[in-house]
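Novice: Below is one structure. I have some questions about it.
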Amino acid sequence: MKKAIRFVSMILCLVLLCCCLSSCGQKKEEEGNGDGDLSGKTLTIGLVSSLADNTGKLHQEVINLFIDKWNKEGTLYGANVKLVAYDNLNNGAQDTEMSIKCVQKLLSSDHAQVIIPGQLSNIIQAVGGLINDGEAVGIGLGLAPTWMEQGWEYVYRTALNNNFQIPSVTATMNSLNQKNIAILYQNTDNCLTFRDSIKAAAIEDGLNVVAEEMLADGSGTGITGQITSVINSDPDTIFVTAMGGSFGTVVKQLRQSGYKGMIYIGQILMTTEVDSIGDEEVNGVIMCSPYVSYERIEDCNNDFVKSCLQEFYDKYGYCPVDDQFYKMWDAMLLVQNAVLAAKSVDAADMQKAISTLKFDGTAGTMDFTKGSNECYYGARAWVYTGQGVGGAPVALEDWLTMDVSKKVIITKQS
Amino acid sequence: MGHMLELSDFHYYYGQIHAVKGISFYVDEGEIVTLIGANGAGKSTTLNSIAGLTRALGVKGRITYKGVDIAGKSGHNICKMGMMAVVEGRHVFPQLTVYENLRMGAYRRNDTKEVLKDIEEVFDFFPRLRERREQMGGTLSGGEQQMLAIGRALVNKPDLILLDEPSLGLAPIIVEDIFRKIKEINEVNGTTILLVEQNSNIALHTASRGYVLQNGEIVIEGKCEDLLNDPKVQHAYLGLT
Amino acid sequence: MNDTLKLILQLMIPGLCLGCVYGLNGIGAALLYKGSHTINNAQGAVVGFGALLGYSLQNRGLGLISSTIIATIACFFVGVLLQVGVISQIEKKAPIYVVIATLALSIVITNANYLIVGSYTYDSAVILINVSKYLHIDSVNVDILWSNIVAIAVSFIAMVSVHFFLNKTKFGSAMRAAAMDPFAAESCGISVVKTRAVTWGIMSALGALGGCLTGPLFGVSAGIGIAAGAKGNTGAVLGGYGNMYGAIIGGMIIGIVETIFGYIYSPYQTAFTNALFLIFILLLPHGIMNEKAIEEG
C-alpha cells in the first residue's frame with residue numbers, strides 16, 4: 001500500500017514538474033531568461049550607511065517605501081524583498097573599516113544580492129572591490145569619479161559623476177557668453193579637486209580664469225579681502241566651491257560687496273541656505289545639478305519628481321530636502337527594473353539585465369546601455385530667483401525669461 | 001554686651017596643616033590689643049580669618065564681632081559691619097591713583113559729600129599723601145604705601161581696624177612715625193585696633209594688652225607693661241638676655 | 001590715485017568692522033584675564049548664542065535695534081549666570097580647572113545652539129539708512145555698506161561706554177580694584193564675586209553685541225562666534241594681555257591685517273596672519289600697551 005502511494009505521488013510530482021518546465025520554456029521564448037513567478041524567492045537588499053543620522057534614516061525610508069510597495073503588490077513577480085541595514089558610524093563619522101566588515105557580513109551570511117554602500121565616495125572606494133568579487137549588484141550614491149575608474153564590473157552609480165557635471169558648467173558659461181571667470185574655493189580635498197577640474201575644463205572650453213582665491217578654512221568671517229580681490233579682477237562670473245553650509249556666507253558677502261553678476265556653485269543649496277542668503281541676493285546664483293531640492297511639493301513642476309515626492313510624503317508625512325532622496329530613489333528604480341527585466345532575483349541575471357536598461361529616473365532618462373555603469377551624463381542649469389517659491393531654483397531657460405534676470409549682469413561683454 | 005571681638009577655641013587648617021590650634025582672646029572697645037609672635041606663629045592667619053579673607057573651609061570655632069558670629073563670612077560682608085583690615089604687605093591698588101585708592105576704602109559708604117571731607121582729613125593726617133594725590137598707588141614708596149593702606153582704612157570710618165605688620169620692610173624712623181599715627185587714631189577717633197606685629201618692642205609700647213602666639217597657640221597673655229617685664233618675653237621676643 | 005583710495009576704502013572699512021568685533025571680544029578677554037588670570041574659551045559660543053537670540057527676536061517681529069539691545073542685555077545675564085553658577089563654583093574648589101571648564105561650556109553652548117537652530121545660516125535684516133544699503137562716495141566711486149559703518153560706530157560707542165563705566169563710576173573702579181588685588185578689594189568691602197560676575201556679564205554682552213552687528217553681514221549661525229571669540233583672545237594678547245585698550249587695538253589690527261592678506265594672497269591668509277602675530281609677540285612680548293611694565297610700575 002505504502003509503495004503504491006509513494007509511486008502515485010512520484011508520478012504526480014513528475015507531471016507537475018513537466019508542467020512547470022513546459023510553461024517556463026514557453027515564457028522563455030517570449031520574454032527572455034528567468035522565471036515568471038518568483039514567489040517563495042527572496043531578494044535581499046543590503047545597506048551600509050550611518051543609520052542613526054538624517055542621511056541613513058532617509059536611505060532606509062526610501063528603501064522601505066519601495067519594499068513595502070513591492071511586497072504588497074507583488075511587483076517583482078511575487079518575490080519577497082527584505083532590507084538588511086548595517087551601521088558604519090564610528091566616532092561620529094562613517095568608518096571605512098566598519099563598512100568593510102558590514103559588506104563582508106552582507107555577502108557571506110546574509111547573501112544579499114544588492115548592496116548599497118551609502119553616499120560617501122571614499123567608503124564606496126573601499127568596499128567596491130569586495131562587492132565586485134562577491135558578484136553582488138553594487139549601487140554607489142557617491143559623486144567622485146575615482147571609484148568608477150576601478151573597472152569594477154558590477155558596481156553601478158545612480159547619481160551624477162562630478163566629471164560629468166563640470167562640462168555642463170563650462171558649457172553653460174559659454175552659452176551665456178561669460179568668458180572671464182573667477183574662482184573662490186575652500187581648503188578641503190573635495191573643493192581643491194573641484195577647483196582643478198573646473199580650471200582644466202575652463203581652459204579647454206576657451207574660458208579665462210582671471211582670479212582664484214582661497215577661503216580660509218574654519219573662519220567664516222575673515223573673507224572680505226578675498227572677495228574684494230575677486231570682484232576687482234572684474235570677472236563675468238564667479239564660481240564658488242565650498243563645504244555645505246558655507247555658501248550662505250560667501251554669496252552674501254559677494255552680493256554685499258556690490259557684485260551683481262551670476263554666481264556658479266558646485267553643489268545643491270539646501271532650502272535653509274537659500275533663506276540665509278536672502279531673496280534679493282540669491283537671485284542669479286546658478287548651479288548645474290541633475291536635481292534640486294524642494295521645500296514643498298507644490299514648488300516642483302516636474303510631474304515625475306512630484307509624484308515621487310508625493311508618494312514619500314504620503315507615507316512619512318514630510319517632504320525630503322536632502323538630495324540623497326533622489327539618489328536612493330533612482331537606486332530603487334534600478335533594482336525594480338533589473339528584476340523585472342531579468343525575471344530573476346539572482347545577482348548575475350540582474351547584472352546581465354542592467355546593461356540593457358534605459359528608463360525614467362528622477363533626473364531624466366537613466367541610461368545604462370553605454371557600458372560605463374553610469375546612468376546620468378549631464379546636468380541641467382538651475383538658477384535661484386529669490387522669488388519666494390520655497391527657495392527652489394528654476395531652469396536656466398525659464399529664468400532668462402523672467403523679469404528678475406534683468407537685475408543680474410549676465411555678461412559684461414555684450 | 002560683652003567684648004567687641006571675641007575668639008573662642010579658634011582653629012585654622014590649611015588643608016592637612018593645623019596652623020592655629022584653638023586660641024581664645026578678646027578685644028574690648030577703645031583698646032589697642034596686639035598679637036605678637038615669631039614668623040609663622042599663626043598671627044596673620046588669625047587676623048585674616050577674622051576679616052573673612054581666608055578660605056572659609058579652613059575656619060573652625062567661633063569668632064564673635066559685636067555679638068554676631070562672623071566665622072566663615074565673606075570679607076566684604078564683614079567689612080560692612082564696621083571692621084577694616086589693613087593686610088600684610090600693604091596691598092594698595094597699584095594702578096589706581098592715591099585718591100582713587102582712598103575712594104575705594106569708602107566703597108561701602110554712600111554719603112559722597114562726607115567721604116570727600118573724610119578724604120581731606122586723611123590728607124591732613126598724612127600730608128605726604130596729599131602731595132601724591134594723583135600718583136599711582138604702585139609708584140609710592142613703602143612708607144607711603146603703608147600710610148595709604150591705613151588711610152584707606154580710616155576713610156571707611158571703621159569701629160575696629162585690624163593692622164597686620166605695619167612695620168614690615170620700613171626704615172626705623174618711618175616705623176616710629178607710623179606707630180605714632182596709630183596711637184593717635186586710637187586716641188583721637190576712639191577706634192579700636194587689633195595689631196599684629198613681629199616688631200614686639202614697638203607693638204608692646206603702643207598697645208594696652210597683648211597676646212603672645214607661638215606655633216598656633218597662645219602661650220602668654222596680659223597687660224603690655226607686664227609682658228615687657230616678663231623675662232620669657234624679653235628673652236624670646238625683645239632680644240634681651 | 002582714486003583707484004588706490006577706492007581699494008583702501010574697500011579693504012579698510014570691512015577690515016575695521018571685523019576688527020571692532022574682535023576688539024569687543026578682546027575687551028572681555030582682557031578684563032577677565034586681568035581680574036582672574038584665566039581665559040574664557042566659551043566666549044565664541046556665547047557670541048553665537050547672542051546672535052541667534054537677536055535673530056529670533058527679529059523673527060518675532062522686533063526691529064533690528066531693539067532685538068540687538070535685548071539680546072545684549074540678555075547675554076549680560078547669561079554671562080553673570082555662567083560665572084555665578086559654574087565658574088565661581090569651580091574656582092572655589094579647583095581653580096586650575098576653570099580654563100577646561102570654559103572649554104566644556106563652549107562645547108555645551110555651541111551644541112545647544114545647534115540643537116535649537118540646526119547647522120544652518122540665517123539671514124539677518126540688513127541695516128538700511130534712507131532706504132539704501134550702501135553709502136555711495138562719488139569722488140572715488142565706491143559703495144560702502146551701511147551695516148559696516150553702523151557696526152563700527154556702535155562698537156566705538158560700546159567701547160567708550162565701557163571705558164567710562166570702568167573709570168568714572170564707583171562700581172567700575174571697584175571692578176578695576178578687584179582685578180588688581182582681589183584680596184585688598186574684599187577687605188575694602190568690595191564683593192569680588194559680584195565684580196567677577198559683572199566682568200563675565202560685560203564680556204558676554206559685548207560678544208553678543210558683536211554677534212548681532214555681524215549678523216547682517218555674514219548671516220547668523222550657531223557657530224558664527226567661534227572665530228570671533230578666538231580672534232578676540234588673540235587680539236587681547238597682541239595688545240598686551242589684560243589691557244583692554246590694547247585688546248581693542250589688537251583686535252583691529254587682526255581684522256585689518258587678515259583682510260589685507262586675504263586680498264594679497266589668500267591661500268596663506270591664516271598662515272601670514274598668525275606668523276605676524278608670532279613675530280609681534282617675539283618683538284613685543286608684553287604687547288602693544290606693554291601691560292607688564294604698567295603693572296610692575
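Each chain in the C-alpha cells gets a letter, A, B and so on, in the order shown; residues start at 1 in every chain, and ligands are counted from 1 in the order they appear.
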Please identify which residues in region 20-60 of chain C DSSP calls alpha helix (DSSP H) from the backbone, and express them as a count of residues only.
Specialist: 34
Novice: Would you mind listing what lies within 12 Å of region 264-278 of chain C as a PDB file with C-alpha atoms, in the first residue's frame, with only C-alpha atoms counted and same-chain residues fewer than 6 positions away left out?
Specialist:
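Below is the file that was written, result_12.pdb:
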ATOM      1  CA  ILE A 183      37.127  81.003  -8.696  1.00  0.00           C
ATOM      2  CA  LEU A 184      36.616  81.011  -4.930  1.00  0.00           C
ATOM      3  CA  TYR A 185      37.435  77.735  -3.207  1.00  0.00           C
ATOM      4  CA  GLN A 186      37.727  76.326   0.260  1.00  0.00           C
ATOM      5  CA  ASN A 187      40.755  74.478   1.508  1.00  0.00           C
ATOM      6  CA  THR A 188      39.350  70.946   1.547  1.00  0.00           C
ATOM      7  CA  LEU A 192      40.555  71.576  -4.319  1.00  0.00           C
ATOM      8  CA  ALA A 211      41.351  85.254 -10.411  1.00  0.00           C
ATOM      9  CA  GLU A 212      41.310  82.447  -7.897  1.00  0.00           C
ATOM     10  CA  GLU A 213      41.211  82.953  -4.148  1.00  0.00           C
ATOM     11  CA  MET A 214      41.084  80.600  -1.211  1.00  0.00           C
ATOM     12  CA  LEU A 215      38.561  80.939   1.580  1.00  0.00           C
ATOM     13  CA  ALA A 216      40.492  80.182   4.739  1.00  0.00           C
ATOM     14  CA  ASP A 217      39.172  77.016   6.292  1.00  0.00           C
ATOM     15  CA  GLY A 218      37.276  77.333   9.501  1.00  0.00           C
ATOM     16  CA  SER A 219      36.848  81.085   9.579  1.00  0.00           C
ATOM     17  CA  GLY A 222      37.583  86.874   7.597  1.00  0.00           C
ATOM     18  CA  ILE A 223      36.952  86.645   3.860  1.00  0.00           C
ATOM     19  CA  THR A 224      36.446  90.256   2.848  1.00  0.00           C
ATOM     20  CA  GLY A 225      39.916  90.586   1.340  1.00  0.00           C
ATOM     21  CA  GLN A 226      39.432  87.607  -0.964  1.00  0.00           C
ATOM     22  CA  ILE A 227      36.004  88.828  -2.002  1.00  0.00           C
ATOM     23  CA  THR A 228      37.378  92.274  -2.849  1.00  0.00           C
ATOM     24  CA  SER A 229      40.242  90.766  -4.806  1.00  0.00           C
ATOM     25  CA  VAL A 230      37.905  88.583  -6.863  1.00  0.00           C
ATOM     26  CA  ASN A 232      38.303  93.777  -8.547  1.00  0.00           C
TER      27      ASN A 232
ATOM     28  CA  LEU C   7      40.834  99.851  -2.743  1.00  0.00           C
ATOM     29  CA  LEU C  11      39.529  96.785   2.384  1.00  0.00           C
ATOM     30  CA  ALA C 227      36.306  82.526  15.133  1.00  0.00           C
ATOM     31  CA  LYS C 231      40.486  86.176  17.436  1.00  0.00           C
ATOM     32  CA  ASN C 233      41.607  86.490  22.517  1.00  0.00           C
ATOM     33  CA  THR C 234      44.490  86.740  20.051  1.00  0.00           C
ATOM     34  CA  GLY C 235      43.905  90.470  19.739  1.00  0.00           C
ATOM     35  CA  ALA C 236      43.961  90.783  23.512  1.00  0.00           C
ATOM     36  CA  VAL C 237      47.344  89.066  23.648  1.00  0.00           C
ATOM     37  CA  LEU C 238      48.646  91.251  20.853  1.00  0.00           C
ATOM     38  CA  GLY C 239      47.556  94.347  22.716  1.00  0.00           C
ATOM     39  CA  GLY C 250      44.999  94.337  18.815  1.00  0.00           C
ATOM     40  CA  GLY C 251      41.596  93.225  17.571  1.00  0.00           C
ATOM     41  CA  ILE C 253      44.994  95.104  13.753  1.00  0.00           C
ATOM     42  CA  ILE C 254      43.968  91.480  13.307  1.00  0.00           C
ATOM     43  CA  GLY C 255      40.792  92.410  11.440  1.00  0.00           C
ATOM     44  CA  ILE C 256      42.584  94.727   9.032  1.00  0.00           C
ATOM     45  CA  VAL C 257      45.668  92.568   8.525  1.00  0.00           C
ATOM     46  CA  GLU C 258      43.555  89.497   7.906  1.00  0.00           C
ATOM     47  CA  LEU C 284      56.980  92.914  21.918  1.00  0.00           C
ATOM     48  CA  PRO C 285      56.446  90.150  24.463  1.00  0.00           C
ATOM     49  CA  GLY C 287      52.070  93.537  23.761  1.00  0.00           C
ATOM     50  CA  ILE C 288      51.457  96.928  22.293  1.00  0.00           C
TER      51      ILE C 288
END
Novice: Show me, as a PyMOL selection string, the residues of chain C whose atoms get within 7 Å of chain B, using only C-alpha atoms for the distance check.
Specialist: chain C and resi 174+177+180-181+183-184+186-191+297
Novice: Please produce a file of those selected residues containing N, CA and C atoms, as a compact mmCIF listing (two decimals), in the first residue's frame.
Specialist:
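Listed below is the output, selection.txt:
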# COMPACT_ATOMS: atom_id res chain seq x y z
N ALA C 174 35.64 99.88 41.36
CA ALA C 174 35.74 98.72 42.24
C ALA C 174 36.11 97.48 41.43
N ALA C 177 39.71 97.73 40.79
CA ALA C 177 40.43 97.46 42.03
C ALA C 177 40.44 95.97 42.31
N MET C 180 42.87 94.19 40.21
CA MET C 180 44.28 94.36 40.59
C MET C 180 44.63 93.56 41.83
N ASP C 181 43.72 93.55 42.78
CA ASP C 181 44.04 92.94 44.07
C ASP C 181 42.75 92.48 44.75
N PHE C 183 42.18 90.46 47.04
CA PHE C 183 42.33 90.32 48.49
C PHE C 183 42.03 91.65 49.18
N ALA C 184 42.72 92.71 48.69
CA ALA C 184 42.53 94.03 49.28
C ALA C 184 41.13 94.53 48.99
N GLU C 186 38.40 92.87 48.70
CA GLU C 186 37.47 92.21 49.63
C GLU C 186 37.56 92.89 51.00
N SER C 187 38.78 93.26 51.40
CA SER C 187 38.94 93.89 52.71
C SER C 187 38.35 95.30 52.72
N CYS C 188 38.19 95.90 51.53
CA CYS C 188 37.58 97.23 51.46
C CYS C 188 36.07 97.15 51.35
N GLY C 189 35.53 95.95 51.38
CA GLY C 189 34.08 95.81 51.31
C GLY C 189 33.55 95.60 49.91
N ILE C 190 34.47 95.38 48.94
CA ILE C 190 34.02 95.13 47.57
C ILE C 190 33.78 93.63 47.42
N SER C 191 32.59 93.27 46.93
CA SER C 191 32.31 91.85 46.74
C SER C 191 32.96 91.39 45.45
N GLY C 297 55.25 98.86 37.30
CA GLY C 297 55.40 100.29 37.61
C GLY C 297 56.75 100.61 38.15
Novice: Let me make sure I understand: among A:Gly46, A:Gly78, A:Gly140, A:Gly258, which one has the smallest atom-to-atom distance to Ile144 (chain C) if we use only C-alpha atoms?
Specialist: A:Gly258
Novice: As an exercise, work out the distance from CA of Leu160 (chain B) to CA of Thr46 (chain B) in Å and give it to one decimal place.
Specialist: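 Separation of CA of Leu160 (chain B) and CA of Thr46 (chain B): 15.1 Å.
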Novice: List the spatial neighbours of Gly40 (chain B) as a ChimeraX atom specification - criterion: any atom at most 10 Å away, only C-alpha atoms, same-chain residues fewer than 6 positions off excluded.
Specialist: /B:19,213-216
